[in-house]
Amino acid sequence: MIELIVFDIDGVITNGSVIIDFNGHEHKQINMKDVDAIFELHRRGYKLVAITGEDTEIVGYFEKRFPWTYFYRGSKTKNETLWQIEQETGLSSEQICYVGDGKYDIEPLAYVGLGICPADAIDKAKNAADIILQNNGGAGCVWEIISILEKYNDPHCAHNYFFRRLEEHTKIFKQLASDLHLMKQVMDVGDRLIEIFKQDGGLFLCGNGGSAADAQHIATEFISRFYKDRPGLNAEALSVNTSTLTAIGNDYSFERIFARQLEAKAKPGDMVIGISTSGTSRNVIEALQYAKEHNIITVLLMGGYENPEYGDIADYIIKVPAIITPRIQEAHIFIGHVIAEYVEYKMFGGE
């Protein structure tokens, strides 16, 4: 639960612009909705803090104008100030909301429990934040925070459940953005696929349950199109229809359903992508083992689990840093989209 809100001033409470009069004096503009919002947050019992990198006369106005619990001026190392606040209040970072828009706000936005930025914040601040407001800084954006916190702090509100799932999703995707090895694996798979398609090779995808639907979705992006009208590419999701399941299951083994289809369809030099959130699906592992033995390039999309078997059967292992199945599947679709879009862009030109 958020108990303390930290504001940057310029670009949040003001619109970030400076007006110079004929006497050389600086003036800043604020929106009365934001003024009212800060007092309303105070009335609702939130501790309010301002941290600004400036130390000018106008900063003194903001210090006196609002009911701050703490006010820090001339602070460029804002994370250090946040640590000081934690020590003085006894609150943890998870109980703090930070609102900022600029380069000095990037670290604090990522550090606190809830990072919020205005719609016109710099890109890196947006990437660090959990929530991007609909209004620009100094244009009523602070008023938005009231309703957001009202729902965020209410465990019985449906919006609260949405926020928690979104936080899980955002955390995983931010980890993806910092995993250079994973990025290299994804783009290497894309480059390898381009070579395969140019040589009239094929791509096969397989997965069980929700991952079966993911395999079908990703295959369709190659067969149909991503953005451009262009020839269809030879991609196929291995079948999980009942006829195939029962026939192969009865005649051989349910663990051989995908491997048997590869035996019928795939040739050396093709690629198979196995999708398994845990990395332990016997059906997928058997398919990768068959592919490896027959010089078919093997890719495993999985979650953040350990399985000693996959090391010998996968040429590329792309591990999403999560063990929550729905979040892993969301990342798998994203990775599939990146690969499909990249292949289309490189083979047929992009806009």
# chains A, B, ... in the order shown; residues from 1 in each chain; ligands from 1
$ residues_around --residues "A:Lys184" --least-positions-apart "4" --cutoff "12 Å" --atoms "only C-alpha atoms" --output "count of residues only"
15
$ residues_around --residues "stretch 233-236 of chain A" --least-positions-apart "6" --cutoff "7 Å" --atoms "only C-alpha atoms" --output "PDB file with N, CA, C and O atoms, in the first residue's frame"
ATOM      1  N   PHE A 197      14.431 -19.869 -44.819  1.00  0.00           N
ATOM      2  CA  PHE A 197      13.366 -19.538 -45.766  1.00  0.00           C
ATOM      3  C   PHE A 197      13.939 -19.251 -47.161  1.00  0.00           C
ATOM      4  O   PHE A 197      13.313 -19.598 -48.175  1.00  0.00           O
ATOM      5  N   GLY A 202      11.729 -24.934 -43.922  1.00  0.00           N
ATOM      6  CA  GLY A 202      10.507 -24.715 -43.184  1.00  0.00           C
ATOM      7  C   GLY A 202      10.723 -24.527 -41.698  1.00  0.00           C
ATOM      8  O   GLY A 202      11.755 -24.924 -41.142  1.00  0.00           O
ATOM      9  N   LEU A 203       9.728 -23.928 -41.067  1.00  0.00           N
ATOM     10  CA  LEU A 203       9.710 -23.731 -39.621  1.00  0.00           C
ATOM     11  C   LEU A 203       8.529 -24.504 -39.053  1.00  0.00           C
ATOM     12  O   LEU A 203       7.406 -24.402 -39.558  1.00  0.00           O
ATOM     13  N   PHE A 204       8.784 -25.275 -37.989  1.00  0.00           N
ATOM     14  CA  PHE A 204       7.737 -26.012 -37.298  1.00  0.00           C
ATOM     15  C   PHE A 204       7.726 -25.580 -35.840  1.00  0.00           C
ATOM     16  O   PHE A 204       8.785 -25.403 -35.228  1.00  0.00           O
ATOM     17  N   LEU A 205       6.522 -25.379 -35.306  1.00  0.00           N
ATOM     18  CA  LEU A 205       6.369 -24.977 -33.909  1.00  0.00           C
ATOM     19  C   LEU A 205       5.474 -25.973 -33.204  1.00  0.00           C
ATOM     20  O   LEU A 205       4.559 -26.545 -33.802  1.00  0.00           O
ATOM     21  N   ALA A 219       3.020 -19.209 -35.851  1.00  0.00           N
ATOM     22  CA  ALA A 219       3.119 -19.756 -37.208  1.00  0.00           C
ATOM     23  C   ALA A 219       2.315 -18.922 -38.191  1.00  0.00           C
ATOM     24  O   ALA A 219       2.748 -18.650 -39.324  1.00  0.00           O
ATOM     25  N   PHE A 222       3.909 -15.870 -39.845  1.00  0.00           N
ATOM     26  CA  PHE A 222       4.781 -16.122 -40.990  1.00  0.00           C
ATOM     27  C   PHE A 222       3.971 -16.460 -42.242  1.00  0.00           C
ATOM     28  O   PHE A 222       4.294 -16.022 -43.340  1.00  0.00           O
ATOM     29  N   ILE A 223       2.915 -17.248 -42.073  1.00  0.00           N
ATOM     30  CA  ILE A 223       2.122 -17.695 -43.211  1.00  0.00           C
ATOM     31  C   ILE A 223       1.320 -16.543 -43.803  1.00  0.00           C
ATOM     32  O   ILE A 223       1.222 -16.391 -45.028  1.00  0.00           O
TER      33      ILE A 223
END
$ select_by_dssp --residues "stretch 171-275 of chain A" --states "strand (DSSP E)" --output "list in words"
Leu203, Phe204, Leu205, Cys206, Gly207, Ala235, Glu236, Ala237, Met271, Val272, Ile273, Gly274 and Ile275 of chain A
$ closest_residue --among "A:Tyr70, A:Trp143, A:Tyr61, A:Tyr111" --to "A:Ile38" --atoms "only C-alpha atoms"
A:Trp143
$ closest_residue --among "A:Gly11, A:Ile131, A:Leu301, A:Gly60" --to "A:Asp101" --atoms "only C-alpha atoms"
A:Gly11
$ select_by_dssp --residues "stretch 63-299 of chain A" --states "alpha helix (DSSP H)" --output "VMD selection string"
chain A and resid 63 to 65 78 to 89 106 to 111 123 to 128 141 to 152 158 to 178 180 to 198 210 to 223 242 to 251 257 to 265 282 to 293
$ write_last_selection --atoms "C-alpha atoms" --output "tab-separated table (two decimals), in the first residue's frame"
chain	number	residue	atom	x	y	z
A	63	GLU	CA	8.21	24.86	-0.58
A	64	LYS	CA	5.86	27.30	1.19
A	65	ARG	CA	2.84	26.81	-1.09
A	78	LYS	CA	17.49	11.52	-5.74
A	79	ASN	CA	17.88	7.84	-4.84
A	80	GLU	CA	20.08	8.83	-1.91
A	81	THR	CA	17.33	11.20	-0.78
A	82	LEU	CA	14.80	8.36	-1.06
A	83	TRP	CA	16.97	6.16	1.17
A	84	GLN	CA	17.10	9.01	3.70
A	85	ILE	CA	13.30	9.27	3.59
A	86	GLU	CA	12.98	5.54	4.21
A	87	GLN	CA	15.22	5.83	7.26
A	88	GLU	CA	13.33	8.80	8.69
A	89	THR	CA	9.81	7.46	8.07
A	106	ILE	CA	14.86	7.49	-13.97
A	107	GLU	CA	16.48	5.65	-11.06
A	108	PRO	CA	13.89	6.65	-8.43
A	109	LEU	CA	11.02	5.73	-10.77
A	110	ALA	CA	12.43	2.22	-11.05
A	111	TYR	CA	13.34	1.96	-7.35
A	123	ASP	CA	11.44	8.09	-23.01
A	124	LYS	CA	13.81	6.64	-20.43
A	125	ALA	CA	11.60	7.90	-17.62
A	126	LYS	CA	8.59	6.27	-19.31
A	127	ASN	CA	10.50	3.00	-19.57
A	128	ALA	CA	11.37	3.13	-15.87
A	141	CYS	CA	-1.58	15.12	-14.45
A	142	VAL	CA	-1.42	15.19	-10.64
A	143	TRP	CA	-5.20	14.95	-10.38
A	144	GLU	CA	-5.06	11.62	-12.20
A	145	ILE	CA	-2.95	10.20	-9.39
A	146	ILE	CA	-5.80	10.51	-6.88
A	147	SER	CA	-8.04	7.97	-8.60
A	148	ILE	CA	-5.09	5.71	-9.46
A	149	LEU	CA	-3.98	5.49	-5.82
A	150	GLU	CA	-7.55	5.08	-4.63
A	151	LYS	CA	-7.83	1.88	-6.67
A	152	TYR	CA	-4.20	0.79	-6.27
A	158	ALA	CA	-10.95	-5.07	-9.41
A	159	HIS	CA	-8.57	-2.36	-10.59
A	160	ASN	CA	-6.15	-3.42	-7.84
A	161	TYR	CA	-6.06	-6.94	-9.27
A	162	PHE	CA	-5.39	-5.47	-12.72
A	163	PHE	CA	-2.53	-3.34	-11.34
A	164	ARG	CA	-0.87	-6.37	-9.69
A	165	ARG	CA	-0.98	-8.46	-12.86
A	166	LEU	CA	0.28	-5.50	-14.88
A	167	GLU	CA	3.17	-5.09	-12.43
A	168	GLU	CA	4.13	-8.74	-12.93
A	169	HIS	CA	4.02	-8.28	-16.68
A	170	THR	CA	5.98	-5.01	-16.62
A	171	LYS	CA	8.68	-6.40	-14.34
A	172	ILE	CA	9.31	-9.34	-16.66
A	173	PHE	CA	9.47	-7.19	-19.77
A	174	LYS	CA	11.89	-4.79	-18.11
A	175	GLN	CA	14.10	-7.78	-17.30
A	176	LEU	CA	13.91	-8.82	-20.95
A	177	ALA	CA	15.08	-5.35	-21.91
A	178	SER	CA	18.27	-5.77	-19.86
A	180	LEU	CA	21.54	-8.97	-23.73
A	181	HIS	CA	22.11	-12.72	-24.00
A	182	LEU	CA	18.39	-13.35	-24.48
A	183	MET	CA	18.19	-10.58	-27.08
A	184	LYS	CA	21.10	-12.12	-28.98
A	185	GLN	CA	19.45	-15.54	-28.93
A	186	VAL	CA	16.18	-14.12	-30.26
A	187	MET	CA	17.83	-12.18	-33.08
A	188	ASP	CA	20.14	-15.09	-33.96
A	189	VAL	CA	17.05	-17.27	-34.36
A	190	GLY	CA	15.61	-14.60	-36.67
A	191	ASP	CA	18.77	-14.51	-38.79
A	192	ARG	CA	18.87	-18.31	-38.96
A	193	LEU	CA	15.24	-18.40	-40.08
A	194	ILE	CA	15.95	-15.95	-42.87
A	195	GLU	CA	18.62	-18.32	-44.21
A	196	ILE	CA	16.22	-21.27	-43.92
A	197	PHE	CA	13.37	-19.54	-45.77
A	198	LYS	CA	15.72	-18.34	-48.53
A	210	GLY	CA	-1.83	-22.73	-23.99
A	211	SER	CA	1.53	-23.11	-25.70
A	212	ALA	CA	-0.20	-25.00	-28.53
A	213	ALA	CA	-2.27	-21.88	-29.16
A	214	ASP	CA	0.92	-19.78	-29.01
A	215	ALA	CA	2.54	-22.06	-31.62
A	216	GLN	CA	-0.46	-21.60	-33.92
A	217	HIS	CA	-0.45	-17.84	-33.39
A	218	ILE	CA	3.25	-17.44	-34.18
A	219	ALA	CA	3.12	-19.76	-37.21
A	220	THR	CA	0.27	-17.69	-38.64
A	221	GLU	CA	2.38	-14.52	-38.48
A	222	PHE	CA	4.78	-16.12	-40.99
A	223	ILE	CA	2.12	-17.70	-43.21
A	242	THR	CA	-8.01	-35.06	-31.63
A	243	SER	CA	-7.49	-37.36	-34.63
A	244	THR	CA	-3.73	-36.83	-34.55
A	245	LEU	CA	-3.56	-37.12	-30.76
A	246	THR	CA	-5.52	-40.35	-30.54
A	247	ALA	CA	-3.98	-42.03	-33.57
A	248	ILE	CA	-0.34	-41.37	-32.67
A	249	GLY	CA	-1.06	-41.82	-28.96
A	250	ASN	CA	-2.63	-45.22	-29.50
A	251	ASP	CA	-0.13	-46.46	-32.08
A	257	ILE	CA	2.94	-36.83	-31.10
A	258	PHE	CA	5.19	-33.96	-32.22
A	259	ALA	CA	8.22	-36.10	-32.99
A	260	ARG	CA	6.15	-38.33	-35.29
A	261	GLN	CA	4.87	-35.30	-37.19
A	262	LEU	CA	8.41	-34.00	-37.61
A	263	GLU	CA	9.40	-37.38	-38.96
A	264	ALA	CA	6.72	-37.01	-41.63
A	265	LYS	CA	7.26	-33.34	-42.50
A	282	ARG	CA	7.84	-34.72	-22.71
A	283	ASN	CA	6.05	-34.14	-25.99
A	284	VAL	CA	8.19	-31.09	-26.76
A	285	ILE	CA	11.42	-32.68	-25.49
A	286	GLU	CA	10.88	-35.78	-27.68
A	287	ALA	CA	10.35	-33.50	-30.68
A	288	LEU	CA	13.56	-31.58	-29.99
A	289	GLN	CA	15.49	-34.82	-29.48
A	290	TYR	CA	14.26	-36.16	-32.81
A	291	ALA	CA	15.12	-32.87	-34.53
A	292	LYS	CA	18.60	-32.77	-33.04
A	293	GLU	CA	19.32	-36.32	-34.24
$ atom_distance --atom1 "atom CA of A:Pro118" --atom2 "atom CA of A:Val99"
7.9 Å
$ residues_around --residues "stretch 47-59 of chain A" --least-positions-apart "4" --cutoff "7 Å" --atoms "only C-alpha atoms" --output "MDAnalysis selection string"
chainID A and resid 3:9 42 63 68:76
$ residues_around --residues "A:Asp315" --least-positions-apart "6" --cutoff "8 Å" --atoms "only C-alpha atoms" --output "ChimeraX atom specification"
/A:297-299
$ atom_distance --atom1 "atom CA of A:Phe226" --atom2 "atom CA of A:Ala314"
26.7 Å
